[in-house]
$ cat entry.cif   # mmCIF, C-alpha atoms
data_run
loop_
_atom_site.label_atom_id
_atom_site.label_comp_id
_atom_site.auth_asym_id
_atom_site.auth_seq_id
_atom_site.Cartn_x
_atom_site.Cartn_y
_atom_site.Cartn_z
CA MET A 5 4.99 23.68 -18.98
CA GLU A 6 4.18 20.08 -19.81
CA ALA A 7 6.12 17.26 -18.24
CA ARG A 8 9.09 15.75 -19.99
CA VAL A 9 7.96 12.27 -19.03
CA PHE A 10 7.48 9.45 -21.50
CA LEU A 11 4.50 7.27 -20.78
CA SER A 12 4.65 3.56 -21.40
CA PRO A 13 1.07 2.94 -22.69
CA PRO A 14 0.39 3.46 -26.40
CA ILE A 15 -2.13 6.21 -25.60
CA ALA A 16 -0.56 9.11 -23.75
CA ALA A 17 -2.29 11.03 -21.03
CA ASN A 18 -3.94 14.40 -21.74
CA THR A 19 -5.11 13.42 -25.22
CA PRO A 20 -8.70 13.12 -26.47
CA ALA A 21 -8.38 9.35 -26.83
CA TYR A 22 -7.09 9.00 -23.29
CA ARG A 23 -9.95 11.11 -21.92
CA VAL A 24 -12.58 9.01 -23.71
CA ILE A 25 -11.11 5.79 -22.34
CA ALA A 26 -10.82 7.23 -18.85
CA ALA A 27 -14.38 8.51 -18.92
CA TRP A 28 -15.79 5.08 -19.78
CA GLU A 29 -13.40 2.96 -17.72
CA LEU A 30 -15.40 0.89 -15.25
CA ASP A 31 -12.70 -0.18 -12.85
CA GLY A 32 -11.80 2.74 -10.58
CA SER A 33 -9.54 0.71 -8.31
CA VAL A 34 -6.17 2.11 -7.32
CA PRO A 35 -3.85 -0.68 -6.23
CA ASP A 36 -0.39 -0.16 -4.80
CA TYR A 37 2.63 -2.30 -3.90
CA GLU A 38 1.90 -2.48 -0.18
CA LYS A 39 1.82 -5.97 1.35
CA HIS A 40 -0.98 -7.34 3.47
CA PRO A 41 0.22 -8.54 6.87
CA SER A 42 -0.73 -12.05 5.77
CA ASP A 43 1.33 -11.94 2.60
CA ASP A 44 4.00 -14.57 2.24
CA ALA A 45 7.43 -12.98 2.68
CA SER A 46 8.57 -14.12 -0.74
CA GLY A 47 5.31 -13.56 -2.57
CA PHE A 48 4.15 -10.65 -4.66
CA ARG A 49 0.71 -9.17 -4.64
CA ARG A 50 -0.40 -5.65 -5.35
CA ARG A 51 -2.64 -4.55 -2.52
CA GLN A 52 -6.24 -3.98 -3.57
CA ARG A 53 -8.22 -1.74 -1.24
CA LYS A 54 -11.87 -2.68 -1.15
CA LYS A 55 -14.18 0.12 -2.23
CA PRO A 56 -16.77 0.81 0.47
CA ARG A 57 -20.45 1.23 -0.27
CA LEU A 58 -21.19 4.95 -0.38
CA PRO A 59 -24.26 7.11 -0.97
CA ALA A 60 -24.89 8.67 -4.36
CA LEU A 61 -22.78 11.68 -5.41
CA THR A 62 -19.89 10.56 -3.20
CA ILE A 63 -16.66 8.82 -4.10
CA HIS A 64 -14.30 6.44 -2.43
CA ARG A 65 -11.07 8.35 -1.95
CA TYR A 66 -8.04 6.14 -1.57
CA GLY A 67 -6.59 6.52 1.93
CA GLY A 68 -9.63 8.42 3.26
CA ARG A 69 -11.06 11.88 2.90
CA LEU A 70 -8.93 15.02 3.06
CA ILE A 71 -9.95 18.66 2.63
CA TYR A 72 -9.13 20.05 -0.82
CA PHE A 73 -5.86 21.97 -1.02
CA TRP A 74 -7.60 24.31 -3.45
CA PHE A 75 -9.52 26.03 -0.63
CA GLY A 76 -6.42 28.19 -0.21
CA MET A 77 -6.58 29.71 -3.71
CA ARG A 78 -7.90 33.11 -4.61
CA PHE A 79 -10.78 33.25 -7.08
CA ALA A 80 -8.70 34.15 -10.15
CA SER A 81 -6.17 31.36 -9.54
CA LEU A 82 -8.97 28.85 -8.98
CA MET A 83 -10.66 29.80 -12.25
CA LYS A 84 -7.35 29.33 -14.09
CA LEU A 85 -7.03 25.91 -12.47
CA PHE A 86 -10.54 24.96 -13.61
CA LYS A 87 -9.84 26.17 -17.14
CA ARG A 88 -6.60 24.21 -17.24
CA GLY A 89 -8.58 21.02 -16.64
CA HIS A 90 -11.19 21.95 -19.28
CA TYR A 91 -13.77 22.00 -16.47
CA SER A 92 -13.82 18.20 -16.58
CA PHE A 93 -15.25 17.67 -13.10
CA THR A 94 -16.88 14.37 -12.37
CA LEU A 95 -20.33 14.49 -10.83
CA ASN A 96 -19.12 13.13 -7.49
CA CYS A 97 -16.72 16.10 -7.13
CA VAL A 98 -19.26 18.82 -7.93
CA PRO A 99 -20.45 19.46 -4.33
CA ASP A 100 -16.91 20.14 -3.06
CA THR A 101 -16.12 22.14 -6.19
CA LEU A 102 -19.10 24.41 -5.59
CA LEU A 103 -17.81 25.04 -2.07
CA LEU A 104 -14.46 26.05 -3.60
CA VAL A 105 -16.19 28.58 -5.83
CA LEU A 106 -18.07 30.02 -2.86
CA TRP A 107 -14.99 30.23 -0.61
CA SER A 108 -12.29 31.51 -2.98
CA PRO A 109 -13.66 35.08 -3.13
CA VAL A 110 -13.27 35.18 0.66
CA ASN A 111 -9.58 34.43 0.20
CA SER A 112 -9.35 37.30 -2.29
CA LEU A 113 -10.94 39.70 0.17
CA LEU A 114 -8.83 38.53 3.12
CA TYR A 115 -5.70 38.87 0.96
CA ARG A 116 -6.43 42.54 0.30
CA ILE A 117 -7.09 43.24 3.97
CA SER A 118 -3.95 41.37 5.04
CA GLU A 119 -1.74 43.14 2.53
CA ALA A 120 -3.12 46.52 3.53
CA LYS A 121 -2.15 45.76 7.11
CA TYR A 122 1.12 43.85 6.75
CA ARG A 123 2.71 44.54 3.36
CA ARG A 124 5.02 47.35 4.46
CA LYS A 125 6.17 45.38 7.50
CA ALA A 126 6.84 42.30 5.39
CA GLU A 127 8.82 44.19 2.77
CA ALA A 128 10.92 45.86 5.48
CA VAL A 129 11.57 42.77 7.61
CA PRO A 130 15.32 42.01 7.86
CA LEU A 131 16.40 38.74 6.28
CA ASP A 132 19.49 38.28 8.45
CA GLN A 133 18.74 34.74 9.67
CA ALA A 134 19.51 32.23 6.94
CA PRO A 135 17.08 29.33 6.53
CA ILE A 136 17.80 25.62 6.83
CA PHE A 137 16.60 23.50 3.90
CA VAL A 138 15.63 19.86 4.45
CA MET A 139 15.48 18.20 1.06
CA GLY A 140 15.61 14.87 -0.73
CA HIS A 141 13.18 12.82 -2.78
CA TRP A 142 9.74 12.23 -1.38
CA ARG A 143 9.56 9.47 1.25
CA THR A 144 13.25 9.64 2.17
CA GLY A 145 12.68 10.81 5.74
CA THR A 146 12.39 14.55 5.16
CA THR A 147 9.17 14.72 7.19
CA LEU A 148 10.81 13.01 10.16
CA MET A 149 13.73 15.43 9.97
CA HIS A 150 11.39 18.41 9.68
CA ASP A 151 9.36 17.21 12.66
CA LEU A 152 12.47 16.92 14.81
CA PHE A 153 13.57 20.45 13.94
CA SER A 154 10.06 21.75 14.59
CA VAL A 155 10.24 21.17 18.35
CA ASP A 156 13.40 23.26 18.78
CA PRO A 157 12.18 26.49 20.45
CA SER A 158 14.93 28.50 18.77
CA LEU A 159 13.75 27.59 15.24
CA ALA A 160 10.52 28.05 13.27
CA TYR A 161 8.75 26.34 10.40
CA PRO A 162 5.86 27.01 8.00
CA THR A 163 2.68 25.51 9.40
CA THR A 164 0.08 23.65 7.38
CA TYR A 165 -2.28 26.60 7.71
CA GLU A 166 0.36 29.06 6.50
CA CYS A 167 1.13 26.90 3.46
CA PHE A 168 -2.51 26.27 2.57
CA PHE A 169 -3.58 29.89 3.12
CA PRO A 170 -0.47 31.92 2.25
CA HIS A 171 -2.44 34.97 1.13
CA HIS A 172 -3.78 35.92 4.53
CA PHE A 173 -2.30 33.74 7.30
CA LEU A 174 -0.82 36.82 8.96
CA LEU A 175 -4.35 38.09 9.42
CA THR A 176 -6.33 34.89 10.07
CA GLU A 177 -4.09 32.24 11.62
CA GLY A 178 -5.34 33.06 15.10
CA THR A 179 -8.99 32.36 14.23
CA LEU A 180 -9.75 30.34 11.09
CA PRO A 181 -7.76 27.19 12.01
CA LYS A 182 -9.95 26.78 15.11
CA VAL A 183 -13.03 26.78 12.91
CA MET A 184 -11.65 24.66 10.07
CA LYS A 185 -9.80 22.00 12.08
CA VAL A 186 -12.92 19.81 12.03
CA LEU A 187 -12.32 19.34 8.28
CA LEU A 188 -8.93 17.69 8.77
CA PRO A 189 -8.40 13.96 9.36
CA LYS A 190 -6.31 12.88 12.32
CA LYS A 191 -3.63 11.32 10.09
CA ARG A 192 -2.32 11.73 6.55
CA PRO A 193 -4.00 9.51 3.92
CA GLN A 194 -0.69 7.93 2.83
CA ASP A 195 0.66 7.00 6.29
CA ASP A 196 0.11 7.37 10.03
CA VAL A 197 1.72 10.80 10.42
CA PRO A 198 -0.55 13.18 12.40
CA VAL A 199 -2.27 16.04 10.59
CA GLY A 200 -2.98 19.50 11.99
CA PHE A 201 -3.01 23.13 10.89
CA ASP A 202 -0.19 23.85 13.37
CA ARG A 203 2.11 21.08 12.15
CA PRO A 204 5.14 21.57 9.83
CA GLN A 205 4.36 21.67 6.13
CA GLU A 206 6.06 22.03 2.75
CA GLU A 207 6.24 25.58 1.44
CA GLU A 208 5.64 24.01 -2.00
CA PHE A 209 1.94 23.96 -1.17
CA GLY A 210 2.10 27.68 -0.50
CA MET A 211 3.56 28.23 -3.95
CA MET A 212 0.75 26.20 -5.47
CA MET A 213 -1.87 28.24 -3.62
CA LEU A 214 -0.20 31.41 -4.93
CA GLY A 215 -0.79 30.12 -8.46
CA GLU A 216 2.87 29.42 -9.25
CA GLY A 217 4.20 26.48 -11.23
CA THR A 218 4.78 23.23 -9.36
CA PRO A 219 4.52 19.52 -10.16
CA TYR A 220 1.90 19.40 -7.41
CA ILE A 221 -0.64 20.91 -9.80
CA THR A 222 -1.01 17.36 -11.13
CA HIS A 223 -3.16 16.71 -8.06
CA ALA A 224 -6.04 18.68 -9.58
CA TRP A 225 -6.48 16.80 -12.87
CA PRO A 226 -4.66 13.46 -12.48
CA ARG A 227 -6.50 11.78 -15.37
CA PHE A 228 -4.61 14.08 -17.73
CA GLY A 229 -1.22 12.91 -16.51
CA PRO A 230 1.78 14.87 -15.20
CA ALA A 231 1.77 18.67 -15.30
CA ASP A 232 4.37 21.37 -14.61
CA SER A 233 7.17 18.83 -14.16
CA ASP A 234 9.66 21.37 -15.49
CA TYR A 235 9.15 23.39 -12.31
CA LEU A 236 10.92 20.62 -10.44
CA ASP A 237 14.27 22.04 -11.57
CA PHE A 238 13.28 24.95 -13.88
CA GLU A 239 14.83 23.16 -16.87
CA GLY A 240 12.60 24.14 -19.78
CA VAL A 241 11.07 27.06 -17.86
CA THR A 242 11.66 30.52 -19.33
CA ALA A 243 13.79 33.07 -17.50
CA ALA A 244 10.72 35.26 -16.98
CA GLU A 245 8.76 32.38 -15.44
CA ARG A 246 11.68 31.48 -13.18
CA SER A 247 11.99 35.10 -12.03
CA ARG A 248 8.28 35.33 -11.32
CA TRP A 249 8.44 32.11 -9.30
CA ALA A 250 11.42 33.44 -7.31
CA ARG A 251 9.59 36.70 -6.54
CA ALA A 252 6.55 34.79 -5.31
CA TYR A 253 8.78 32.57 -3.17
CA MET A 254 10.39 35.57 -1.53
CA TRP A 255 6.96 37.20 -1.06
CA PHE A 256 5.88 34.14 0.92
CA TYR A 257 9.22 33.81 2.72
CA ARG A 258 9.16 37.42 3.94
CA ARG A 259 5.74 36.93 5.49
CA LEU A 260 6.87 33.74 7.18
CA VAL A 261 9.85 35.61 8.64
CA LEU A 262 7.56 38.41 9.80
CA LYS A 263 5.28 35.88 11.47
CA HIS A 264 7.92 33.84 13.28
CA GLY A 265 10.99 36.03 13.75
CA LYS A 266 13.30 32.99 13.96
CA PRO A 267 15.45 31.01 11.52
CA LEU A 268 13.11 28.98 9.33
CA VAL A 269 13.46 25.28 8.62
CA LEU A 270 11.98 24.71 5.16
CA LYS A 271 11.18 21.28 3.78
CA SER A 272 10.15 20.65 0.18
CA PRO A 273 11.56 17.60 -1.62
CA ALA A 274 11.70 19.45 -4.95
CA ASN A 275 14.22 21.91 -3.50
CA ALA A 276 16.93 19.29 -4.01
CA ALA A 277 16.63 20.05 -7.74
CA ARG A 278 16.55 23.84 -7.27
CA LEU A 279 19.96 24.53 -5.81
CA LYS A 280 20.86 27.04 -8.53
CA LEU A 281 17.98 29.27 -7.51
CA LEU A 282 18.13 28.66 -3.75
CA THR A 283 21.84 29.42 -3.48
CA GLU A 284 21.20 32.67 -5.35
CA LEU A 285 18.36 33.67 -3.04
CA PHE A 286 19.96 32.41 0.18
CA PRO A 287 23.78 32.33 -0.15
CA ASP A 288 24.21 31.62 3.59
CA ALA A 289 21.59 28.87 3.85
CA ARG A 290 22.36 25.43 5.24
CA PHE A 291 21.16 22.24 3.59
CA ILE A 292 20.40 18.69 4.71
CA TYR A 293 19.92 16.12 1.96
CA MET A 294 18.18 12.86 2.80
CA ALA A 295 18.69 9.59 0.94
CA ARG A 296 16.97 6.22 1.34
CA ASN A 297 16.94 2.80 -0.28
CA PRO A 298 15.15 3.42 -3.60
CA LEU A 299 13.35 0.08 -3.38
CA ASP A 300 11.59 1.54 -0.35
CA VAL A 301 11.25 5.06 -1.74
CA PHE A 302 9.67 4.09 -5.06
CA PRO A 303 6.61 2.13 -3.83
CA SER A 304 6.09 4.52 -0.95
CA THR A 305 6.01 7.44 -3.42
CA VAL A 306 3.57 5.56 -5.64
CA LYS A 307 1.34 5.09 -2.60
CA LEU A 308 1.70 8.78 -1.69
CA TRP A 309 0.63 10.03 -5.11
CA ARG A 310 -2.19 7.50 -5.40
CA ALA A 311 -3.58 8.78 -2.11
CA LEU A 312 -3.22 12.49 -2.86
CA TYR A 313 -4.36 12.31 -6.48
CA SER A 314 -7.48 10.55 -5.23
CA THR A 315 -8.21 12.91 -2.34
CA GLN A 316 -7.38 16.09 -4.28
CA GLY A 317 -8.59 15.32 -7.78
CA LEU A 318 -11.36 17.45 -9.24
CA HIS A 319 -12.32 14.35 -11.17
CA ASN A 320 -12.35 10.97 -9.47
CA PRO A 321 -11.37 8.11 -9.68
CA PRO A 322 -8.07 9.44 -10.98
CA TYR A 323 -7.12 6.48 -13.27
CA LEU A 324 -3.37 6.49 -12.72
CA ASP A 325 -2.24 3.04 -13.76
CA GLY A 326 -1.30 4.13 -17.28
CA TRP A 327 1.43 6.55 -16.22
CA LEU A 328 2.13 6.73 -12.48
CA ASP A 329 4.95 4.19 -12.18
CA ASP A 330 6.91 5.71 -15.07
CA TYR A 331 6.33 9.21 -13.73
CA VAL A 332 7.61 8.38 -10.23
CA LEU A 333 10.76 6.78 -11.58
CA ASP A 334 11.43 9.52 -14.13
CA MET A 335 11.07 12.25 -11.51
CA PHE A 336 13.25 10.31 -9.06
CA VAL A 337 16.02 10.14 -11.65
CA ARG A 338 15.58 13.76 -12.68
CA LEU A 339 15.69 15.09 -9.11
CA THR A 340 18.76 13.09 -8.08
CA GLU A 341 20.68 13.89 -11.25
CA ARG A 342 20.01 17.62 -10.88
CA TYR A 343 21.06 17.51 -7.25
CA GLU A 344 24.32 15.78 -8.14
CA ALA A 345 25.01 18.33 -10.87
CA ASP A 346 24.39 21.36 -8.64
CA ARG A 347 25.37 20.42 -5.09
CA HIS A 348 28.81 21.94 -5.62
CA LEU A 349 27.06 25.34 -5.53
CA ILE A 350 26.53 24.96 -1.79
CA PRO A 351 29.49 26.49 0.10
CA PRO A 352 31.74 24.09 2.04
CA GLY A 353 30.50 23.26 5.49
CA ARG A 354 26.86 24.05 4.69
CA LEU A 355 25.67 20.68 3.39
CA ILE A 356 25.10 17.39 5.19
CA GLU A 357 24.04 14.27 3.31
CA LEU A 358 22.32 11.68 5.45
CA ARG A 359 20.71 8.30 4.92
CA TYR A 360 17.30 7.69 6.45
CA GLU A 361 18.46 4.32 7.71
CA ASP A 362 21.25 6.00 9.70
CA LEU A 363 18.90 8.65 11.10
CA VAL A 364 16.45 6.14 12.55
CA LYS A 365 19.20 4.07 14.16
CA ASP A 366 20.03 6.88 16.58
CA PRO A 367 18.02 10.04 15.87
CA LEU A 368 19.23 12.12 18.81
CA ALA A 369 22.92 11.44 18.25
CA THR A 370 22.44 12.17 14.54
CA MET A 371 20.66 15.45 15.23
CA ALA A 372 23.35 16.47 17.72
CA ASP A 373 25.94 15.89 15.00
CA ILE A 374 23.95 17.95 12.50
CA TYR A 375 23.67 20.86 14.94
CA ARG A 376 27.40 20.77 15.55
CA ARG A 377 28.49 20.46 11.93
CA LEU A 378 26.10 23.10 10.59
CA ASP A 379 26.50 25.38 13.61
CA ILE A 380 22.74 25.56 14.10
CA GLY A 381 22.72 26.38 17.79
CA ASP A 382 22.54 24.86 21.25
CA PHE A 383 21.34 21.29 20.83
CA ALA A 384 20.87 20.93 24.59
CA LYS A 385 17.74 23.11 24.36
CA ALA A 386 16.31 20.91 21.61
CA GLU A 387 17.25 17.47 22.93
CA ALA A 388 14.44 17.03 25.46
CA PRO A 389 11.65 18.15 23.07
CA MET A 390 13.08 15.91 20.35
CA ARG A 391 13.17 12.95 22.72
CA ALA A 392 9.53 13.56 23.62
CA ASN A 393 8.63 13.84 19.94
CA LEU A 394 10.28 10.50 19.18
CA GLU A 395 8.55 8.81 22.12
CA ALA A 396 5.19 10.10 20.89
CA GLN A 397 5.86 8.44 17.52
CA ALA A 398 7.16 5.18 18.96
CA GLU A 399 4.13 3.24 17.69
CA HIS A 400 4.61 4.40 14.10
CA ARG A 401 5.35 1.56 11.71
CA VAL A 402 6.56 1.88 8.15
CA SER A 403 4.78 -0.10 5.45
CA ASP A 404 6.22 -3.17 3.78
CA TYR A 405 6.24 -3.39 0.00
CA ASP A 406 6.85 -6.08 -2.57
CA LEU A 407 7.89 -5.12 -6.10
CA PRO A 408 7.73 -7.41 -9.14
CA PRO A 409 11.22 -8.48 -10.30
CA GLU A 410 11.12 -6.60 -13.61
CA LEU A 411 10.19 -3.33 -11.95
CA LYS A 412 12.81 -3.83 -9.26
CA ARG A 413 15.45 -4.41 -11.92
CA LYS A 414 14.39 -1.28 -13.79
CA ILE A 415 14.67 0.85 -10.64
CA ILE A 416 18.14 -0.50 -9.87
CA GLU A 417 19.37 0.13 -13.40
CA ARG A 418 18.07 3.68 -13.68
CA LEU A 419 19.17 4.72 -10.20
CA GLY A 420 22.54 2.96 -10.25
CA PRO A 421 24.64 6.07 -9.50
CA TYR A 422 22.38 7.02 -6.59
CA ILE A 423 22.49 3.47 -5.23
CA ASP A 424 26.26 3.32 -5.35
CA ARG A 425 27.00 6.76 -3.98
CA PHE A 426 24.79 6.31 -0.97
CA GLY A 427 25.86 2.75 -0.25
CA TYR A 428 22.69 0.83 -1.14
CA ARG A 429 24.18 -1.67 -3.57
CA GLN A 430 24.20 -4.56 -1.14
CA ALA A 431 20.71 -3.75 0.10
CA VAL A 432 19.10 -3.69 -3.36
CA MET A 433 20.85 -6.66 -4.92
CA GLY A 434 18.78 -9.83 -4.88
CA ASP A 435 18.80 -13.16 -6.62
CA GLY A 436 19.19 -12.80 -10.35
CA GLU A 437 20.07 -9.10 -10.27
CA ARG A 438 23.02 -7.93 -12.31
CA PRO A 439 25.67 -6.33 -10.07
CA ILE A 440 27.20 -2.95 -10.90
CA ALA A 441 30.57 -1.80 -9.64
CA ALA A 442 30.40 0.34 -6.50
CA ALA A 443 31.29 4.02 -6.65
CA ALA A 444 34.63 5.14 -5.31
CA ASN A 445 33.18 7.64 -2.83
CA PRO A 446 29.96 6.44 -1.24
CA VAL A 447 28.38 8.64 1.42
CA HIS A 448 29.37 8.01 5.01
CA GLU A 449 27.31 8.21 8.17
CA PRO A 450 27.64 11.48 10.08
CA GLN A 451 30.17 11.27 12.90
CA THR A 452 28.48 11.42 16.29
CA PRO A 453 30.03 13.58 18.99
#

$ encode --input "entry.cif" --output "structure tokens"
Amino acid sequence: MEARVFLSPPIAANTPAYRVIAAWELDGSVPDYEKHPSDDASGFRRRQRKKPRLPALTIHRYGGRLIYFWFGMRFASLMKLFKRGHYSFTLNCVPDTLLLVLWSPVNSLLYRISEAKYRRKAEAVPLDQAPIFVMGHWRTGTTLMHDLFSVDPSLAYPTTYECFFPHHFLLTEGTLPKVMKVLLPKKRPQDDVPVGFDRPQEEEFGMMMLGEGTPYITHAWPRFGPADSDYLDFEGVTAAERSRWARAYMWFYRRLVLKHGKPLVLKSPANAARLKLLTELFPDARFIYMARNPLDVFPSTVKLWRALYSTQGLHNPPYLDGWLDDYVLDMFVRLTERYEADRHLIPPGRLIELRYEDLVKDPLATMADIYRRLDIGDFAKAEAPMRANLEAQAEHRVSDYDLPPELKRKIIERLGPYIDRFGYRQAVMGDGERPIAAAANPVHEPQTP
């Protein structure tokens, strides 16, 4: 399904005119709102990353190089992906694309072998341990929360390898990651978070590798603008497509349960807009919803998509400036509104709403409170590993951003209900901004034991 996102430029993405302009555009730069350390505190400057000098048939990828997600697809799904983009590869992406074509039949073969060996076990595995969903808009602290849960020995999580190679991880996870780890960078292109095949990952990537609808498919052909945005919340998706997506999700989930044998902690930001489906599939699940100051979330999300659309695009540079800002804001509004409309579907006592700013003030006390309130288990067994995890990340620093006044005002106006309910009104209001009355029931910090 095409995105229900209105683009601000007069020429919309994914049209012949847009493609001609993009093909002949000379400036491939991809600026963001990140501040240089030398920037004046009150000044505004969009950060411009200098393009390095590279050999022929290579491309500067914003944030560094990252292995293509698409290496996890089977051959048929990959061919559908190529057709969807009208085979509009740029010359600098052809070498990696040829490797995709050579590797994808291996995935198809390994899938058949894996299913022959594990299908009956996966279909018979008991689903008596309800999952925990960590959700919230991108860049709200869901990764930090997922990482903290990941060190609890009584819980499990989908690994990066399992999400990138969902078809055959049961068969190959013990061998292929050791061979392919040399292809991964040490840190994510959008921030300083470590990367590894054994680290926690979003199951959304697994759904994309299975060929199911997801807004993440935009990564492949970013010059054409947003794609599959309706799969954020299934509004506009047919009942048959929704059912097929749910079956694929449970196919993947059963194999994760078979692999780990523990309660799973699942983290995909889009799940905040899918509560209707998730509460049907997992009526006993527990949910943690993360919120964060939208003036921090917005530019950080812009930076995230700029990095991933550059590293994952099958044509590059991605040329995003015509639509990315509007897309990020539209999806932010859409996700939060759908969450507000559907959160009542979660049974009492199974949802915690938490601000990122409160989590980082005292992570261990906050996690202890979450364990107690959601009855997750014995926090004492998780406390020491979590403390070590936090100490290992002590040097991590979040980026600083500076938004132009008009864009800041637009964000505040469109996300007013979110700002008020989660208590960000004072934080976002600056000189010249029009105040809006606070909501009657803003979110409160979790009570520590």

$ atom_distance --input "entry.cif" --atom1 "atom CA of Glu207 of chain A" --atom2 "atom CA of Leu270 of chain A"
6.9 Å

$ resolve_selection --input "entry.cif" --expression "the PyMOL selection byres ((chain A and resi 161-169) around 8)" --output "CSV table (one decimal) with C-alpha atoms, in the coordinates of the input"
chain,number,residue,atom,x,y,z
A,73,PHE,CA,-5.9,22.0,-1.0
A,75,PHE,CA,-9.5,26.0,-0.6
A,76,GLY,CA,-6.4,28.2,-0.2
A,77,MET,CA,-6.6,29.7,-3.7
A,154,SER,CA,10.1,21.8,14.6
A,159,LEU,CA,13.8,27.6,15.2
A,160,ALA,CA,10.5,28.0,13.3
A,170,PRO,CA,-0.5,31.9,2.2
A,171,HIS,CA,-2.4,35.0,1.1
A,172,HIS,CA,-3.8,35.9,4.5
A,173,PHE,CA,-2.3,33.7,7.3
A,177,GLU,CA,-4.1,32.2,11.6
A,181,PRO,CA,-7.8,27.2,12.0
A,200,GLY,CA,-3.0,19.5,12.0
A,201,PHE,CA,-3.0,23.1,10.9
A,202,ASP,CA,-0.2,23.8,13.4
A,203,ARG,CA,2.1,21.1,12.2
A,204,PRO,CA,5.1,21.6,9.8
A,205,GLN,CA,4.4,21.7,6.1
A,206,GLU,CA,6.1,22.0,2.8
A,207,GLU,CA,6.2,25.6,1.4
A,208,GLU,CA,5.6,24.0,-2.0
A,209,PHE,CA,1.9,24.0,-1.2
A,210,GLY,CA,2.1,27.7,-0.5
A,211,MET,CA,3.6,28.2,-4.0
A,213,MET,CA,-1.9,28.2,-3.6
A,260,LEU,CA,6.9,33.7,7.2
A,268,LEU,CA,13.1,29.0,9.3
A,269,VAL,CA,13.5,25.3,8.6
A,270,LEU,CA,12.0,24.7,5.2

$ axis_aligned_box --input "entry.cif" --around "segment 368-372 of chain A" --padding-each-side "6 Å" --output "lines of an AutoDock Vina configuration file"
center_x = 21.3
center_y = 14.0
center_z = 16.7
size_x = 16.1
size_y = 17.0
size_z = 16.3

$ resolve_selection --input "entry.cif" --expression "the PyMOL selection byres ((chain A and resi 348-356) around 8)" --output "list in words"
Leu279, Lys280, Thr283, Ala289, Arg290, Phe291, Ile292, Tyr293, Ala345, Asp346, Arg347, Glu357, Leu358, Ile374, Arg377 and Leu378 of chain A

$ closest_residue --input "entry.cif" --among "A:Leu328, A:Val98, A:Ala392, A:Ile416" --to "Tyr428 of chain A" --atoms "only C-alpha atoms"
A:Ile416

$ resolve_selection --input "entry.cif" --expression "the PyMOL selection byres ((chain A and resi 273) around 7)" --output "VMD selection string"
chain A and resid 139 to 142 271 to 272 274 to 276

$ write_last_selection --input "entry.cif" --atoms "C-alpha atoms" --output "tab-separated table (two decimals), in the coordinates of the input"
chain	number	residue	atom	x	y	z
A	139	MET	CA	15.48	18.20	1.06
A	140	GLY	CA	15.61	14.87	-0.73
A	141	HIS	CA	13.18	12.82	-2.78
A	142	TRP	CA	9.74	12.23	-1.38
A	271	LYS	CA	11.18	21.28	3.78
A	272	SER	CA	10.15	20.65	0.18
A	274	ALA	CA	11.70	19.45	-4.95
A	275	ASN	CA	14.22	21.91	-3.50
A	276	ALA	CA	16.93	19.29	-4.01

$ atom_distance --input "entry.cif" --atom1 "atom CA of Asn297 of chain A" --atom2 "atom CA of Asp406 of chain A"
13.6 Å

$ closest_residue --input "entry.cif" --among "A:Leu282, A:Val364, A:Leu419, A:Leu333" --to "Ala398 of chain A" --atoms "only C-alpha atoms"
A:Val364

$ residues_around --input "entry.cif" --residues "Val301 of chain A" --least-positions-apart "4" --cutoff "7 Å" --atoms "all atoms listed in the file" --output "PDB file with C-alpha atoms, keeping the file's coordinate frame"
ATOM      1  CA  ARG A 143       9.560   9.470   1.250  1.00  0.00           C
ATOM      2  CA  THR A 144      13.250   9.640   2.170  1.00  0.00           C
ATOM      3  CA  ARG A 296      16.970   6.220   1.340  1.00  0.00           C
ATOM      4  CA  ASN A 297      16.940   2.800  -0.280  1.00  0.00           C
ATOM      5  CA  THR A 305       6.010   7.440  -3.420  1.00  0.00           C
TER       6      THR A 305
END
